[in-house]
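Q: Could you have a look at this structure, given as structure tokens, before my questions?
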Amino acid sequence: MWLKLHDNNGPIFINMDTVTHFQRIEGQRRTTLFTFASNSGTCVTLQVHESPDEIMEMLWDE
């Protein structure tokens with residue numbers, strides 16, 4: 001499932017099927033998403049403006 005989220009450069013599209021965990025640390029204004037990769041691919045860490053609650057709402061709305 002692809003979600004349209006936002007980083008400092010504007011909108012980005014994230015394949016949530018590859019996200020293993022996301023969290024926001026108290027006091028920060030960014031949520032960190034951690035992805036996995038199969039077949040020796042590269043794991044990626046992304047930071048977005050949406051809160052974990054906003055991301056969860058988007059996932060449930062789909």
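By order of appearance in the structure tokens: chains A, B, ..., then residues from 1 within every chain, and ligands from 1 in the order shown.
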Give me the residues of segment 31-52 of chain A that have any atom at most 8 Å from an atom of segment 6-23 of chain A; for each, the nearest atom pair and the distance in Å, rounded to one decimal. Use only C-alpha atoms, sort by chain and number, and format it as CSV.

A:
```
residue,atom,partner,partner_atom,distance
A:Thr31,CA,A:Gln23,CA,5.5
A:Thr32,CA,A:Phe22,CA,5.5
A:Leu33,CA,A:Phe22,CA,4.3
A:Phe34,CA,A:His21,CA,5.3
A:Thr35,CA,A:Val19,CA,4.1
A:Phe36,CA,A:Thr18,CA,5.6
A:Ala37,CA,A:Thr18,CA,7.1
A:Gln47,CA,A:Asp7,CA,6.4
A:Val48,CA,A:Asp7,CA,4.6
A:His49,CA,A:His6,CA,5.8
A:Glu50,CA,A:His6,CA,7.1
A:Pro52,CA,A:Gln23,CA,6.3
```

Q: If you run DSSP on the backbone here, which positions in chain A get alpha helix (DSSP H)? Please write them as a PyMOL selection string.

A: chain A and resi 52-61

Q: Kindly save the residues from that selection, with N, CA and C atoms included, as a PDB file, in the first residue's frame.

A:
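This went into selection14.pdb:
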```
ATOM      1  N   PRO A  52       2.479   9.465  13.891  1.00  0.00           N
ATOM      2  CA  PRO A  52       2.084   8.056  13.800  1.00  0.00           C
ATOM      3  C   PRO A  52       0.558   7.888  13.763  1.00  0.00           C
ATOM      4  N   ASP A  53      -0.166   8.697  14.523  1.00  0.00           N
ATOM      5  CA  ASP A  53      -1.632   8.601  14.509  1.00  0.00           C
ATOM      6  C   ASP A  53      -2.205   8.942  13.138  1.00  0.00           C
ATOM      7  N   GLU A  54      -1.656   9.957  12.496  1.00  0.00           N
ATOM      8  CA  GLU A  54      -2.113  10.326  11.152  1.00  0.00           C
ATOM      9  C   GLU A  54      -1.818   9.212  10.155  1.00  0.00           C
ATOM     10  N   ILE A  55      -0.642   8.606  10.273  1.00  0.00           N
ATOM     11  CA  ILE A  55      -0.276   7.513   9.370  1.00  0.00           C
ATOM     12  C   ILE A  55      -1.196   6.318   9.585  1.00  0.00           C
ATOM     13  N   MET A  56      -1.466   5.974  10.838  1.00  0.00           N
ATOM     14  CA  MET A  56      -2.366   4.858  11.128  1.00  0.00           C
ATOM     15  C   MET A  56      -3.764   5.121  10.575  1.00  0.00           C
ATOM     16  N   GLU A  57      -4.233   6.351  10.682  1.00  0.00           N
ATOM     17  CA  GLU A  57      -5.552   6.694  10.137  1.00  0.00           C
ATOM     18  C   GLU A  57      -5.585   6.501   8.626  1.00  0.00           C
ATOM     19  N   MET A  58      -4.498   6.912   7.947  1.00  0.00           N
ATOM     20  CA  MET A  58      -4.425   6.717   6.502  1.00  0.00           C
ATOM     21  C   MET A  58      -4.451   5.228   6.148  1.00  0.00           C
ATOM     22  N   LEU A  59      -3.750   4.413   6.929  1.00  0.00           N
ATOM     23  CA  LEU A  59      -3.721   2.977   6.667  1.00  0.00           C
ATOM     24  C   LEU A  59      -5.096   2.356   6.844  1.00  0.00           C
ATOM     25  N   TRP A  60      -5.819   2.759   7.850  1.00  0.00           N
ATOM     26  CA  TRP A  60      -7.143   2.191   8.107  1.00  0.00           C
ATOM     27  C   TRP A  60      -8.176   2.691   7.111  1.00  0.00           C
ATOM     28  N   ASP A  61      -7.973   3.895   6.552  1.00  0.00           N
ATOM     29  CA  ASP A  61      -8.924   4.439   5.584  1.00  0.00           C
ATOM     30  C   ASP A  61      -8.853   3.740   4.238  1.00  0.00           C
TER      31      ASP A  61
END
```

Q: Write down as a PyMOL selection string the residues belonging to chain A that are assigned strand (DSSP E) by DSSP computed on the backbone.

A: chain A and resi 2-7+10-15+19-23+31-35+45-48

Q: Quick one: pull the distance between atom CA of Trp2 of chain A and atom CA of Ile25 of chain A, Å, one decimal.

A: 23.7 Å
